[in-house]
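Asker: Below is the file work.txt, with compact mmCIF, C-alpha atoms.
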# COMPACT_ATOMS: atom_id res chain seq x y z
CA MET G 23 -65.63 -15.51 -63.37
CA PRO G 24 -68.08 -13.50 -61.28
CA LEU G 25 -69.63 -15.26 -58.32
CA PRO G 26 -72.95 -13.43 -57.77
CA PHE G 27 -73.80 -15.37 -54.62
CA LEU G 28 -70.76 -13.79 -52.90
CA THR G 29 -71.63 -10.22 -53.78
CA ALA G 30 -74.22 -8.07 -52.18
CA ASP G 31 -76.24 -5.21 -53.46
CA GLY G 32 -74.13 -2.03 -53.46
CA ALA G 33 -70.45 -1.36 -52.91
CA PHE G 34 -68.76 -2.21 -49.62
CA ASP G 35 -66.07 0.21 -48.69
CA ALA G 36 -65.57 2.94 -46.13
CA HIS G 37 -68.53 4.80 -47.65
CA GLU G 38 -70.97 1.88 -47.53
CA ASP G 39 -73.93 3.96 -46.45
CA SER G 40 -73.49 6.36 -49.35
CA ALA G 41 -73.31 3.52 -51.88
CA GLY G 42 -77.01 2.77 -51.56
CA ASP G 43 -78.73 0.28 -53.80
CA ASP G 44 -77.41 1.55 -57.11
CA VAL G 45 -77.56 -0.95 -59.92
CA LEU G 46 -74.62 -1.03 -62.31
CA ALA G 47 -75.44 -0.11 -65.90
CA HIS G 48 -74.49 -3.58 -67.22
CA GLU G 49 -76.45 -5.50 -64.59
CA ASP G 50 -79.87 -7.00 -65.11
CA PRO G 51 -82.13 -5.06 -62.70
CA ASP G 52 -84.56 -7.99 -62.44
CA ARG G 53 -82.03 -10.54 -61.17
CA TRP G 54 -82.11 -11.89 -57.64
CA ARG G 55 -79.60 -10.19 -55.34
CA ARG G 56 -78.56 -10.55 -51.73
CA PRO G 57 -78.84 -7.18 -49.94
CA TYR G 58 -75.91 -7.97 -47.63
CA ARG G 59 -72.57 -9.76 -47.65
CA PRO G 60 -72.22 -13.34 -46.44
CA GLY G 61 -70.91 -13.36 -42.89
CA PRO G 62 -67.51 -14.55 -41.73
CA TRP G 63 -68.89 -17.77 -40.19
CA ARG G 64 -70.54 -18.76 -43.47
CA VAL G 65 -67.46 -17.89 -45.55
CA ALA G 66 -65.10 -19.68 -43.14
CA GLY G 67 -67.23 -22.82 -43.22
CA ALA G 68 -67.31 -22.81 -47.01
CA ALA G 69 -63.55 -22.17 -47.17
CA LEU G 70 -62.86 -25.16 -44.93
CA LEU G 71 -65.11 -27.33 -47.08
CA LEU G 72 -63.33 -26.19 -50.23
CA LEU G 73 -59.96 -26.93 -48.60
CA LEU G 74 -61.21 -30.42 -47.77
CA ALA G 75 -62.42 -30.81 -51.37
CA ALA G 76 -58.96 -29.82 -52.67
CA PHE G 77 -57.38 -32.62 -50.64
CA MET G 78 -60.06 -35.02 -51.84
CA LEU G 79 -59.35 -34.09 -55.47
CA LEU G 80 -55.63 -34.63 -54.87
CA ALA G 81 -56.46 -38.04 -53.41
CA THR G 82 -58.60 -38.72 -56.47
CA MET G 83 -55.65 -37.99 -58.74
CA ILE G 84 -53.31 -40.23 -56.72
CA ILE G 85 -55.85 -43.08 -56.71
CA ALA G 86 -56.40 -42.69 -60.47
CA PHE G 87 -52.63 -42.82 -61.15
CA ALA G 88 -52.47 -45.99 -59.06
CA GLY G 89 -54.97 -47.54 -61.45
CA ALA G 90 -57.93 -48.00 -59.07
CA TRP G 91 -60.56 -46.33 -61.25
CA ALA G 92 -63.54 -47.33 -59.11
CA GLY G 93 -61.94 -45.77 -56.01
CA ALA G 94 -61.04 -42.64 -57.96
CA GLY G 95 -64.63 -42.33 -59.13
CA VAL G 96 -65.99 -42.63 -55.60
CA CYS G 97 -63.46 -40.09 -54.32
CA LEU G 98 -64.30 -37.70 -57.19
CA ALA G 99 -68.02 -37.99 -56.47
CA ALA G 100 -67.42 -37.27 -52.78
CA ALA G 101 -65.25 -34.24 -53.62
CA LEU G 102 -67.93 -32.87 -55.96
CA GLY G 103 -70.50 -33.38 -53.18
CA VAL G 104 -68.34 -31.37 -50.77
CA ILE G 105 -67.92 -28.60 -53.37
CA GLY G 106 -71.69 -28.53 -53.93
CA THR G 107 -72.22 -28.30 -50.18
CA ALA G 108 -69.83 -25.32 -49.94
CA VAL G 109 -71.59 -23.50 -52.79
CA ARG G 110 -75.02 -24.15 -51.27
CA LEU G 111 -73.75 -22.91 -47.91
CA LEU G 112 -72.62 -19.66 -49.54
CA MET G 113 -75.91 -19.22 -51.38
CA ALA G 114 -78.04 -19.56 -48.24
CA GLY G 115 -79.72 -16.36 -47.09
CA VAL G 116 -82.30 -13.85 -48.21
CA TRP G 117 -82.44 -12.69 -51.83
CA VAL G 118 -84.60 -9.90 -53.22
CA SER G 119 -85.70 -8.73 -56.65
CA PRO G 120 -88.53 -6.60 -58.00
CA ALA G 121 -90.48 -9.87 -58.36
CA GLY G 122 -90.36 -10.80 -54.69
CA LEU G 123 -88.45 -12.21 -51.76
CA ARG G 124 -86.56 -15.50 -51.74
CA ARG G 125 -85.30 -17.33 -48.65
CA VAL G 126 -82.63 -19.83 -49.60
CA GLY G 127 -81.93 -22.46 -46.97
CA PHE G 128 -79.47 -25.30 -47.14
CA PHE G 129 -82.09 -27.82 -48.27
CA THR G 130 -85.02 -25.66 -49.34
CA THR G 131 -85.73 -22.47 -51.23
CA ARG G 132 -88.96 -20.53 -50.89
CA SER G 133 -89.92 -17.59 -53.09
CA VAL G 134 -92.77 -15.23 -52.28
CA THR G 135 -93.99 -12.39 -54.48
CA TRP G 136 -94.25 -8.94 -52.95
CA ASP G 137 -98.04 -9.06 -53.44
CA GLU G 138 -98.25 -11.99 -50.99
CA ILE G 139 -96.38 -10.12 -48.22
CA ALA G 140 -98.33 -7.87 -45.86
CA GLU G 141 -95.42 -6.64 -43.77
CA VAL G 142 -91.70 -7.11 -43.14
CA ARG G 143 -90.45 -6.12 -39.69
CA THR G 144 -87.76 -6.72 -37.10
CA VAL G 145 -88.92 -8.31 -33.84
CA GLN G 146 -87.34 -9.44 -30.57
CA GLN G 147 -87.84 -13.18 -30.09
CA PRO G 148 -85.96 -16.38 -29.31
CA VAL G 149 -83.77 -17.22 -32.33
CA ARG G 150 -81.61 -20.21 -33.20
CA TRP G 151 -77.89 -19.81 -32.61
CA LEU G 152 -76.01 -20.58 -35.88
CA GLY G 153 -79.02 -22.61 -37.02
CA LEU G 154 -78.58 -25.12 -34.21
CA PRO G 155 -81.45 -26.24 -31.93
CA ARG G 156 -80.21 -24.00 -29.11
CA THR G 157 -82.18 -20.74 -28.92
CA VAL G 158 -81.12 -17.40 -27.49
CA GLN G 159 -82.90 -14.07 -27.21
CA GLY G 160 -82.23 -11.97 -30.28
CA GLN G 161 -83.65 -10.04 -33.20
CA ALA G 162 -85.31 -11.59 -36.22
CA LEU G 163 -86.49 -10.15 -39.51
CA THR G 164 -89.90 -11.67 -40.20
CA ALA G 165 -92.44 -11.40 -42.99
CA ALA G 166 -96.19 -11.82 -42.59
CA GLY G 167 -98.34 -13.04 -45.46
CA ARG G 168 -101.46 -11.19 -46.61
CA ASP G 169 -103.66 -14.14 -45.67
CA GLY G 170 -102.32 -14.02 -42.10
CA ALA G 171 -99.81 -16.81 -42.66
CA GLU G 172 -96.49 -16.32 -40.90
CA LEU G 173 -93.58 -16.93 -43.26
CA PRO G 174 -90.31 -18.47 -42.02
CA VAL G 175 -87.89 -16.16 -40.24
CA LEU G 176 -85.82 -14.39 -42.89
CA LEU G 177 -82.75 -13.25 -40.93
CA THR G 178 -81.59 -13.38 -37.34
CA ASP G 179 -78.78 -11.59 -35.56
CA HIS G 180 -77.41 -14.98 -34.44
CA ASN G 181 -77.13 -16.78 -37.79
CA ALA G 182 -73.93 -17.45 -39.73
CA ASP G 183 -74.09 -14.08 -41.47
CA PHE G 184 -74.61 -11.80 -38.48
CA LEU G 185 -73.27 -13.48 -35.33
CA SER G 186 -71.53 -10.70 -33.32
CA ARG G 187 -72.26 -8.19 -36.12
CA THR G 188 -75.36 -6.32 -34.94
CA GLU G 189 -74.69 -3.28 -37.15
CA ALA G 190 -74.53 -5.50 -40.23
CA PHE G 191 -77.81 -7.15 -39.21
CA ASP G 192 -79.47 -3.75 -38.79
CA ARG G 193 -78.26 -2.61 -42.24
CA ALA G 194 -79.40 -5.85 -43.89
CA ALA G 195 -82.80 -5.72 -42.19
CA ASP G 196 -83.21 -2.08 -43.24
CA ARG G 197 -82.36 -2.95 -46.84
CA VAL G 198 -84.83 -5.84 -46.99
CA GLU G 199 -87.51 -3.64 -45.41
CA ALA G 200 -86.73 -0.91 -47.96
CA TRP G 201 -87.14 -3.41 -50.82
CA ALA G 202 -90.45 -4.50 -49.28
CA ASP G 203 -91.66 -0.91 -48.94
CA GLU G 204 -90.72 -0.12 -52.52
CA TYR G 205 -92.19 -3.17 -54.26
CA ARG G 206 -94.95 -4.37 -51.97
CA ALA G 207 -98.41 -3.51 -53.30
CA VAL G 208 -100.50 -1.43 -50.92
CA PRO G 209 -103.74 -3.22 -49.99
CA ALA G 210 -106.86 -1.62 -51.43
Would you mind writing the file out in structure tokens?

Answerer:
Amino acid sequence: MPLPFLTADGAFDAHEDSAGDDVLAHEDPDRWRRPYRPGPWRVAGAALLLLLAAFMLLATMIIAFAGAWAGAGVCLAAALGVIGTAVRLLMAGVWVSPAGLRRVGFFTTRSVTWDEIAEVRTVQQPVRWLGLPRTVQGQALTAAGRDGAELPVLLTDHNADFLSRTEAFDRAADRVEAWADEYRAVPA
């Protein structure tokens, strides 16, 4: 079963730069795609949550065999909640398509069409460290709306995908900027 939220646009091997943004012949070119791989912090957090969910499902089975159906139901619901949390954690990030740009957060998702975006650029500014309240000086990929509205920060070099991976942040920012340059309508 393919897990599209784990894959990024393009192949990731020793020749990553030569892979480009080629779309496979069987893929839908209009689907939302993440232009980078999820980072090790994000994947490790989701893996730990899935490990916890496995133990919770084992506990559910033991409770069910003991005959306490109400307890098994509560434990099953909690395990499914942990699995949902892990999947949502993996899906968080920036997604692009010819239709626009989508920023998926843990609790919210915001989609913006390319026509609504005036510019996408990388800036130096204080950024949140792993999404926590603590801020550090770093780089952020930001988008500005055509009406002058500042959209939420898309990517930072200190989030769960790019912490201690500045080259990966630069590649991801370049790919998002390339999507913006290709699909953004030029103002008349």

Asker: Could you pull the residues within 9 Å of G:Val65, counting only C-alpha atoms, minus those fewer than 4 positions along the same chain, as a VMD selection string?

Answerer: chain G and resid 60 to 61 69 to 70 108 111 to 112 182 to 183

Asker: What separation in Å, quoted to one decimal, exists between atom CA of G:Arg197 and atom CA of G:Tyr58?

Answerer: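 Taking atom CA of G:Arg197 and atom CA of G:Tyr58, their separation equals 8.2 Å.
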
Asker: So what do you get for atom CA of G:Arg156 versus atom CA of G:Phe184, distance-wise?

Answerer: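 Atom-to-atom, atom CA of G:Arg156 and atom CA of G:Phe184 are spaced 16.4 Å apart.
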
Asker: Kindly indicate which residue among G:Gly103, G:Gly127, G:Gly115, G:Gly160 lies nearest to G:Leu71, using all atoms listed in the file for the distances.

Answerer: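 When distances to G:Leu71 are compared using all atoms listed in the file, the smallest one comes from G:Gly103.
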
Asker: Hey, which of G:Ala121, G:Ile139, G:Asp179, G:Asp169 ends up closest to G:Thr157? Count only C-alpha atoms.

Answerer: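 Comparing G:Ala121, G:Ile139, G:Asp179, G:Asp169 against G:Thr157, the winner is G:Asp179.
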
Asker: Would you kindly return, as a PyMOL selection string, each protein, DNA or RNA residue with an atom no farther than 12 Å from any atom of G:Leu185, considering all atoms listed in the file and excluding same-chain residues fewer than 3 positions away?

Answerer: chain G and resi 60-64+149-153+158+160-161+177-182+188-191

Asker: Selected residues, C-alpha atoms, written as a JSON list (two decimals), in the frame of the given file, please.

Answerer:
[["chain", "number", "residue", "atom", "x", "y", "z"],
["G", 60, "PRO", "CA", -72.22, -13.34, -46.44],
["G", 61, "GLY", "CA", -70.91, -13.36, -42.89],
["G", 62, "PRO", "CA", -67.51, -14.55, -41.73],
["G", 63, "TRP", "CA", -68.89, -17.77, -40.19],
["G", 64, "ARG", "CA", -70.54, -18.76, -43.47],
["G", 149, "VAL", "CA", -83.77, -17.22, -32.33],
["G", 150, "ARG", "CA", -81.61, -20.21, -33.20],
["G", 151, "TRP", "CA", -77.89, -19.81, -32.61],
["G", 152, "LEU", "CA", -76.01, -20.58, -35.88],
["G", 153, "GLY", "CA", -79.02, -22.61, -37.02],
["G", 158, "VAL", "CA", -81.12, -17.40, -27.49],
["G", 160, "GLY", "CA", -82.23, -11.97, -30.28],
["G", 161, "GLN", "CA", -83.65, -10.04, -33.20],
["G", 177, "LEU", "CA", -82.75, -13.25, -40.93],
["G", 178, "THR", "CA", -81.59, -13.38, -37.34],
["G", 179, "ASP", "CA", -78.78, -11.59, -35.56],
["G", 180, "HIS", "CA", -77.41, -14.98, -34.44],
["G", 181, "ASN", "CA", -77.13, -16.78, -37.79],
["G", 182, "ALA", "CA", -73.93, -17.45, -39.73],
["G", 188, "THR", "CA", -75.36, -6.32, -34.94],
["G", 189, "GLU", "CA", -74.69, -3.28, -37.15],
["G", 190, "ALA", "CA", -74.53, -5.50, -40.23],
["G", 191, "PHE", "CA", -77.81, -7.15, -39.21]]

Asker: Just give me the gap between atom CA of G:Ala162 and atom CA of G:Pro120 in Å, one decimal is fine.

Answerer: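 Calculated distance between atom CA of G:Ala162 and atom CA of G:Pro120 is 22.6 Å.
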
Asker: Please identify all polymer residues within 8 Å of G:Ala75, counting only C-alpha atoms, omitting same-chain residues fewer than 4 positions from it, and present them as a PyMOL selection string.

Answerer: chain G and resi 71+79+101-102+104-105

Asker: Write the residues of the preceding selection, restricted to C-alpha atoms, as a short mmCIF file (atom, residue, chain, number, x, y, z; two decimals), in the coordinates of the input.

Answerer:
data_model
loop_
_atom_site.label_atom_id
_atom_site.label_comp_id
_atom_site.auth_asym_id
_atom_site.auth_seq_id
_atom_site.Cartn_x
_atom_site.Cartn_y
_atom_site.Cartn_z
CA LEU G 71 -65.11 -27.33 -47.08
CA LEU G 79 -59.35 -34.09 -55.47
CA ALA G 101 -65.25 -34.24 -53.62
CA LEU G 102 -67.93 -32.87 -55.96
CA VAL G 104 -68.34 -31.37 -50.77
CA ILE G 105 -67.92 -28.60 -53.37
#

Asker: Around (-90.1, -6.4, -41.1), as given in the file, which residues come within 6 Å? Count all atoms listed in the file and list them as a compact mmCIF listing (two decimals) with C-alpha atoms, keeping the file's coordinate frame.

Answerer:
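out.txt, freshly written:
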# COMPACT_ATOMS: atom_id res chain seq x y z
CA GLU G 141 -95.42 -6.64 -43.77
CA VAL G 142 -91.70 -7.11 -43.14
CA ARG G 143 -90.45 -6.12 -39.69
CA THR G 144 -87.76 -6.72 -37.10
CA LEU G 163 -86.49 -10.15 -39.51
CA THR G 164 -89.90 -11.67 -40.20
CA ALA G 165 -92.44 -11.40 -42.99
CA GLU G 199 -87.51 -3.64 -45.41

Asker: When you look at G:Gly93 with a cut-off of 12 Å (counting all atoms listed in the file), what residues show up, excluding the ones that are within fewer than 6 positions of it in the same chain? I need them as a PyMOL selection string.

Answerer: chain G and resi 78-79+81-87+99-100

Asker: Which one of G:Arg168, G:Arg53, G:Arg59, G:Arg110 sits closest to G:Leu72 if you count all atoms listed in the file?

Answerer: G:Arg110

Asker: Place a sphere of radius 12 Å on (-94.7, -1.8, -54.6) in the file coordinates and name every protein, DNA or RNA residue with an atom inside or on its surface, counting all atoms listed in the file; give the answer as a list of chain:residue names.

Answerer: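 Nearby residues: G:Ser119, G:Pro120, G:Ala121, G:Gly122, G:Thr135, G:Trp136, G:Asp137, G:Glu138, G:Ile139, G:Ala140, G:Glu141, G:Glu199, G:Ala200, G:Trp201, G:Ala202, G:Asp203, G:Glu204, G:Tyr205, G:Arg206, G:Ala207, G:Val208, G:Pro209.
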
Asker: From the options G:Val109, G:Leu98, G:Leu173, G:Ala194, which residue's atoms come nearest to G:Phe128, counting all atoms listed in the file?

Answerer: G:Val109

Asker: From the list G:Cys97, G:Ala68, G:Ala76, G:Leu176, which residue is nearest G:Arg132 when using only C-alpha atoms?

Answerer: G:Leu176
